[in-house]
Amino acid sequence: MFKFLIFLVLLAGSSLFVTEVFALEIELQKESDRIIEAKGWLEPEQHSLKEFLQIIIDQRESKNRISVGMISSSQNHIKLPDNIEAISSNPKISSMKITNEFACAPTQIDKACVVIEVERDGLGDNLAEIKKNAREIADKIVADGVIIFAPEFYSITVQPKGGLSVDEAKRLGEKGVVIQIIYTVHSQPTSQLFTALSTMLLSDDLRTSGGFYNIAEKLSGNYFSEFTVIVTPLENYMLRELHISLLCSNEIRELVNCERLYNELIPGVQEGTIDEQIARGHVSPLDFIQVENISRSKIFSDEFLPLNSVIQVLIYSEDDLQVKSVNSNVIENLQTLGDIQENGWFFISKSGQNIDARYIFGQESSVSKNDLAFSIGSYSENDIEIKEVEGGNGGGCLIATAAFGSELSPQVQFLREIRDNTVLQTESGSAFMAGFNQFYYSFSPTVADYERENTTFKEAVKLTLTPLLASLTLLQYADIDSESEMLGYGIGVILLNIGMYFVAPAVLIMTVRKRI
């Protein structure tokens, strides 16, 4: 029996971005080599670089955050100046952060910050002595400057260690707290910081290999984006992070208003905002950053590294929610080698007030906007099986999307909601969709392409779809609780559409011909 270690980046949501790394240990039987060969499984390799996209939708705290960036344990990818590299051998340093986060120095909101956290243990017996010794340690690190900044002392406080609550920190005593020293530096727009510091800190290979780096570069151009570099000394190495984030709230006055942020990120479009999508029950992560697909870094292209690119969606709700359907594969467990061969969503939590979804790429190098979409709804007492939408890889409502101009249009969203929240919630509905998709996707890409080329044809299709949309509204008012009810309503809607599209025109034509 042998063991294989897989490292997966877990992105935990909080007011500050927190990164945790944990290992999944997979035990394979003695005949595992034969099993692997027979099934054609690939064995994961090790790589020090990881990339992430994290979206936090916090309805309880009335704020949303989008973060994207890179994490590495190697200087080969993120190289820091010598005075910062030196903290890897200083056991007193818990972490160091350089950021232009809004109000990182609360009374000097026009400043960026250098934040150094020093371990409390061994600093002294009284608060004055503790602060004095911690300040001396931090001052030595910043004495010659920090990258391109000249820090000025701002404050020193005792804080719970990253990720711990106040109660947890008290329970752990000295090991649960750190001394946080904040220095202020001249603040610059994120676009300028990213351009200057990514060139200085990131390897040429990382910057030219695309992947999530390109998304970070795109977000850095947003006026409200924030730039952060974090270094965390661990037992045998130092973890290095660089990420770009956007934080907004419609309730907290000190934060940028989400509507203002979305208007800059997605000019003139409101249906794709986080709040709108949650209200509709349809979550499309790539809509929030306005890209059609996302690719992995080419650094990973020659190796099997299924867990080194992670997309995470965290939803904190006041109400109990539940994942209803996904447009791609669902990974039930991350326990065996077979679990990581395919791409798909892995749900740490798929119901309740916390939804935690992680997308891994498996053997794929990219994923489309449609394949990442999933639907949520009110929690049902009996936990339902997440239904995978057959044909999801072929795209969404292609003909309707081309006709109405966007997947975010109300008509397309309506069709998706009927499919996900009504039809796919029954076995007969799922069976119908499986057969329908095989037929629909055999011709819909051609029709959609022609719509984009011919405006007249596009308007004709839009007019043709109107009766269908009107008939489907009946399902919104139907109380479908059983297979028989789904069959009854479904057959009724089909017959209604046959009448509108075929019988009525045929009767009209025959009547006109008789009069002629």
# chains A, B, ... in the order shown; residues from 1 in each chain; ligands from 1
>>> residues_around(residues="Ser351 in chain A", least_positions_apart="5", cutoff="7 Å", atoms="only C-alpha atoms", output="PyMOL selection string")
chain A and resi 320-323+379
>>> select_by_dssp(residues="range 282-456 of chain A", states="strand (DSSP E)", output="PyMOL selection string")
chain A and resi 282-283+293-295+309-326+330-331+344-349+351-360+366-368+374-378+387-388
>>> residues_around(residues="range 43-51 of chain A", least_positions_apart="5", cutoff="8 Å", atoms="only C-alpha atoms", output="ChimeraX atom specification")
/A:6,9,68-74,77,212,303-306,308-310,337
>>> write_last_selection(atoms="N, CA and C atoms", output="short mmCIF file (atom, residue, chain, number, x, y, z; two decimals), in the first residue's frame")
data_model
loop_
_atom_site.label_atom_id
_atom_site.label_comp_id
_atom_site.auth_asym_id
_atom_site.auth_seq_id
_atom_site.Cartn_x
_atom_site.Cartn_y
_atom_site.Cartn_z
N ILE A 6 -1.88 15.11 -1.98
CA ILE A 6 -2.39 16.11 -2.90
C ILE A 6 -2.60 17.40 -2.12
N VAL A 9 -5.56 24.26 -2.57
CA VAL A 9 -5.70 25.55 -1.94
C VAL A 9 -7.15 25.74 -1.51
N VAL A 68 -8.54 37.52 -6.97
CA VAL A 68 -7.87 36.64 -7.92
C VAL A 68 -6.37 36.83 -7.76
N GLY A 69 -5.63 35.74 -7.84
CA GLY A 69 -4.19 35.89 -7.69
C GLY A 69 -3.42 34.60 -7.73
N MET A 70 -2.17 34.70 -7.28
CA MET A 70 -1.23 33.60 -7.33
C MET A 70 -0.64 33.35 -5.94
N ILE A 71 -0.36 32.08 -5.64
CA ILE A 71 0.26 31.68 -4.38
C ILE A 71 1.41 30.73 -4.72
N SER A 72 2.54 30.93 -4.06
CA SER A 72 3.67 30.04 -4.32
C SER A 72 4.54 29.93 -3.08
N SER A 73 5.22 28.81 -2.97
CA SER A 73 6.19 28.61 -1.89
C SER A 73 7.61 28.74 -2.41
N SER A 74 7.76 29.17 -3.65
CA SER A 74 9.08 29.18 -4.28
C SER A 74 9.48 30.58 -4.78
N HIS A 77 8.90 31.75 -8.58
CA HIS A 77 7.70 32.38 -9.11
C HIS A 77 7.47 33.77 -8.53
N PHE A 212 -4.78 32.73 -14.69
CA PHE A 212 -5.44 33.65 -13.77
C PHE A 212 -4.68 34.97 -13.67
N GLU A 303 2.01 19.08 -17.23
CA GLU A 303 1.93 18.19 -16.09
C GLU A 303 0.47 18.01 -15.70
N PHE A 304 0.19 16.94 -14.96
CA PHE A 304 -1.16 16.73 -14.44
C PHE A 304 -1.23 17.35 -13.05
N LEU A 305 -1.81 18.54 -12.98
CA LEU A 305 -1.89 19.31 -11.73
C LEU A 305 -3.34 19.76 -11.55
N PRO A 306 -4.24 18.83 -11.23
CA PRO A 306 -5.67 19.14 -11.24
C PRO A 306 -6.11 20.12 -10.16
N ASN A 308 -4.20 22.71 -8.82
CA ASN A 308 -3.39 23.93 -8.72
C ASN A 308 -4.10 25.16 -9.25
N SER A 309 -5.27 25.01 -9.82
CA SER A 309 -6.12 26.13 -10.23
C SER A 309 -7.50 25.89 -9.62
N VAL A 310 -7.95 26.81 -8.79
CA VAL A 310 -9.22 26.62 -8.08
C VAL A 310 -10.08 27.87 -8.23
N LEU A 337 -7.82 8.80 -6.16
CA LEU A 337 -7.20 9.28 -7.38
C LEU A 337 -8.23 9.47 -8.49
#
>>> atom_distance(atom1="CA of Val177 in chain A", atom2="CA of Gln159 in chain A")
5.6 Å
>>> select_by_dssp(residues="range 426-500 of chain A", states="alpha helix (DSSP H)", output="JSON, numbers by chain")
{"A": [427, 428, 429, 430, 431, 432, 433, 434, 435, 436, 437, 438, 439, 440, 444, 445, 446, 447, 448, 449, 450, 451, 452, 453, 455, 456, 457, 458, 459, 460, 461, 462, 463, 464, 465, 466, 467, 468, 469, 470, 471, 472, 473, 474, 475, 476, 483, 484, 485, 486, 487, 488, 489, 490, 491, 492, 493, 494, 495, 496, 497, 498]}
>>> atom_distance(atom1="CA of Ser198 in chain A", atom2="CA of Tyr359 in chain A")
26.0 Å
>>> closest_residue(among="A:Thr456, A:Glu483, A:Asp287, A:Ile491", to="Ser430 in chain A", atoms="only C-alpha atoms")
A:Glu483
>>> closest_residue(among="A:Ile494, A:Val423, A:Ser187, A:Asn64", to="Asn250 in chain A", atoms="only C-alpha atoms")
A:Asn64
>>> residues_around(residues="Gly122 in chain A", least_positions_apart="3", cutoff="12 Å", atoms="only C-alpha atoms", output="ChimeraX atom specification")
/A:91-92,118-119,125-126,129-131,133-134,174-175,178-179
>>> residues_around(residues="Pro233 in chain A", least_positions_apart="3", cutoff="7 Å", atoms="only C-alpha atoms", output="PDB file with N, CA and C atoms, in the first residue's frame")
ATOM      1  N   SER A  88      11.867  34.640   6.459  1.00  0.00           N
ATOM      2  CA  SER A  88      11.572  33.203   6.426  1.00  0.00           C
ATOM      3  C   SER A  88      12.340  32.456   7.509  1.00  0.00           C
ATOM      4  N   SER A  94       5.033  36.304  12.185  1.00  0.00           N
ATOM      5  CA  SER A  94       3.871  35.500  11.809  1.00  0.00           C
ATOM      6  C   SER A  94       3.489  35.745  10.355  1.00  0.00           C
ATOM      7  N   SER A  95       3.481  37.011   9.925  1.00  0.00           N
ATOM      8  CA  SER A  95       3.182  37.335   8.529  1.00  0.00           C
ATOM      9  C   SER A  95       3.548  38.788   8.249  1.00  0.00           C
ATOM     10  N   TYR A 237       9.248  26.486   4.691  1.00  0.00           N
ATOM     11  CA  TYR A 237       9.270  27.370   3.534  1.00  0.00           C
ATOM     12  C   TYR A 237       8.459  28.620   3.850  1.00  0.00           C
ATOM     13  N   MET A 238       8.418  29.543   2.905  1.00  0.00           N
ATOM     14  CA  MET A 238       7.633  30.758   3.086  1.00  0.00           C
ATOM     15  C   MET A 238       6.573  30.843   1.996  1.00  0.00           C
ATOM     16  N   LEU A 239       5.330  31.025   2.407  1.00  0.00           N
ATOM     17  CA  LEU A 239       4.223  31.134   1.463  1.00  0.00           C
ATOM     18  C   LEU A 239       4.137  32.580   0.980  1.00  0.00           C
TER      19      LEU A 239
END
>>> residues_around(residues="Ile315 in chain A", least_positions_apart="5", cutoff="10 Å", atoms="only C-alpha atoms", output="list in words")
Gly13, Ile55, Ile56, Ile57, Asp58, Gln59, Arg60, Asn64, Ile278, Leu321, Ser349, Gly352, Gln353, Asn354, Ile355, Asp356 and Ala357 of chain A
>>> write_last_selection(atoms="N, CA and C atoms", output="short mmCIF file (atom, residue, chain, number, x, y, z; two decimals), in the first residue's frame")
data_model
loop_
_atom_site.label_atom_id
_atom_site.label_comp_id
_atom_site.auth_asym_id
_atom_site.auth_seq_id
_atom_site.Cartn_x
_atom_site.Cartn_y
_atom_site.Cartn_z
N GLY A 13 -13.33 32.66 3.32
CA GLY A 13 -13.76 34.05 3.25
C GLY A 13 -13.74 34.72 4.60
N ILE A 55 -14.87 34.26 -5.11
CA ILE A 55 -16.00 35.19 -5.05
C ILE A 55 -16.74 34.94 -3.75
N ILE A 56 -16.81 35.96 -2.90
CA ILE A 56 -17.51 35.86 -1.62
C ILE A 56 -18.76 36.74 -1.69
N ILE A 57 -19.91 36.12 -1.50
CA ILE A 57 -21.18 36.83 -1.48
C ILE A 57 -21.70 36.76 -0.05
N ASP A 58 -21.50 37.82 0.71
CA ASP A 58 -21.82 37.82 2.13
C ASP A 58 -23.07 38.66 2.37
N GLN A 59 -24.21 37.99 2.34
CA GLN A 59 -25.47 38.70 2.55
C GLN A 59 -25.67 39.07 4.01
N ARG A 60 -25.05 38.33 4.91
CA ARG A 60 -25.20 38.63 6.34
C ARG A 60 -24.48 39.92 6.71
N ASN A 64 -19.67 42.15 -0.69
CA ASN A 64 -19.21 41.16 -1.66
C ASN A 64 -17.74 41.38 -1.96
N ILE A 278 -28.10 36.41 -7.42
CA ILE A 278 -28.59 35.70 -6.25
C ILE A 278 -30.10 35.78 -6.18
N LEU A 321 -30.27 28.10 1.98
CA LEU A 321 -30.26 27.93 0.53
C LEU A 321 -29.84 26.51 0.19
N SER A 349 -19.97 22.57 1.06
CA SER A 349 -21.31 22.71 1.64
C SER A 349 -22.26 23.10 0.52
N GLY A 352 -27.86 25.08 3.27
CA GLY A 352 -27.78 25.80 4.54
C GLY A 352 -27.50 27.27 4.33
N GLN A 353 -27.02 27.92 5.34
CA GLN A 353 -26.72 29.35 5.26
C GLN A 353 -25.34 29.63 4.70
N ASN A 354 -24.52 28.60 4.56
CA ASN A 354 -23.20 28.72 3.94
C ASN A 354 -23.11 27.77 2.74
N ILE A 355 -22.93 28.34 1.56
CA ILE A 355 -22.67 27.53 0.36
C ILE A 355 -21.19 27.70 0.02
N ASP A 356 -20.47 26.59 -0.08
CA ASP A 356 -19.03 26.63 -0.38
C ASP A 356 -18.76 25.72 -1.57
N ALA A 357 -18.53 26.32 -2.74
CA ALA A 357 -18.33 25.57 -3.98
C ALA A 357 -16.92 25.79 -4.50
#
>>> atom_distance(atom1="CA of Gly176 in chain A", atom2="CA of Asp121 in chain A")
9.3 Å
>>> residues_around(residues="Glu485 in chain A", least_positions_apart="6", cutoff="12 Å", atoms="only C-alpha atoms", output="VMD selection string")
chain A and resid 422 to 423 425 to 429 475 478 to 479 491 to 492
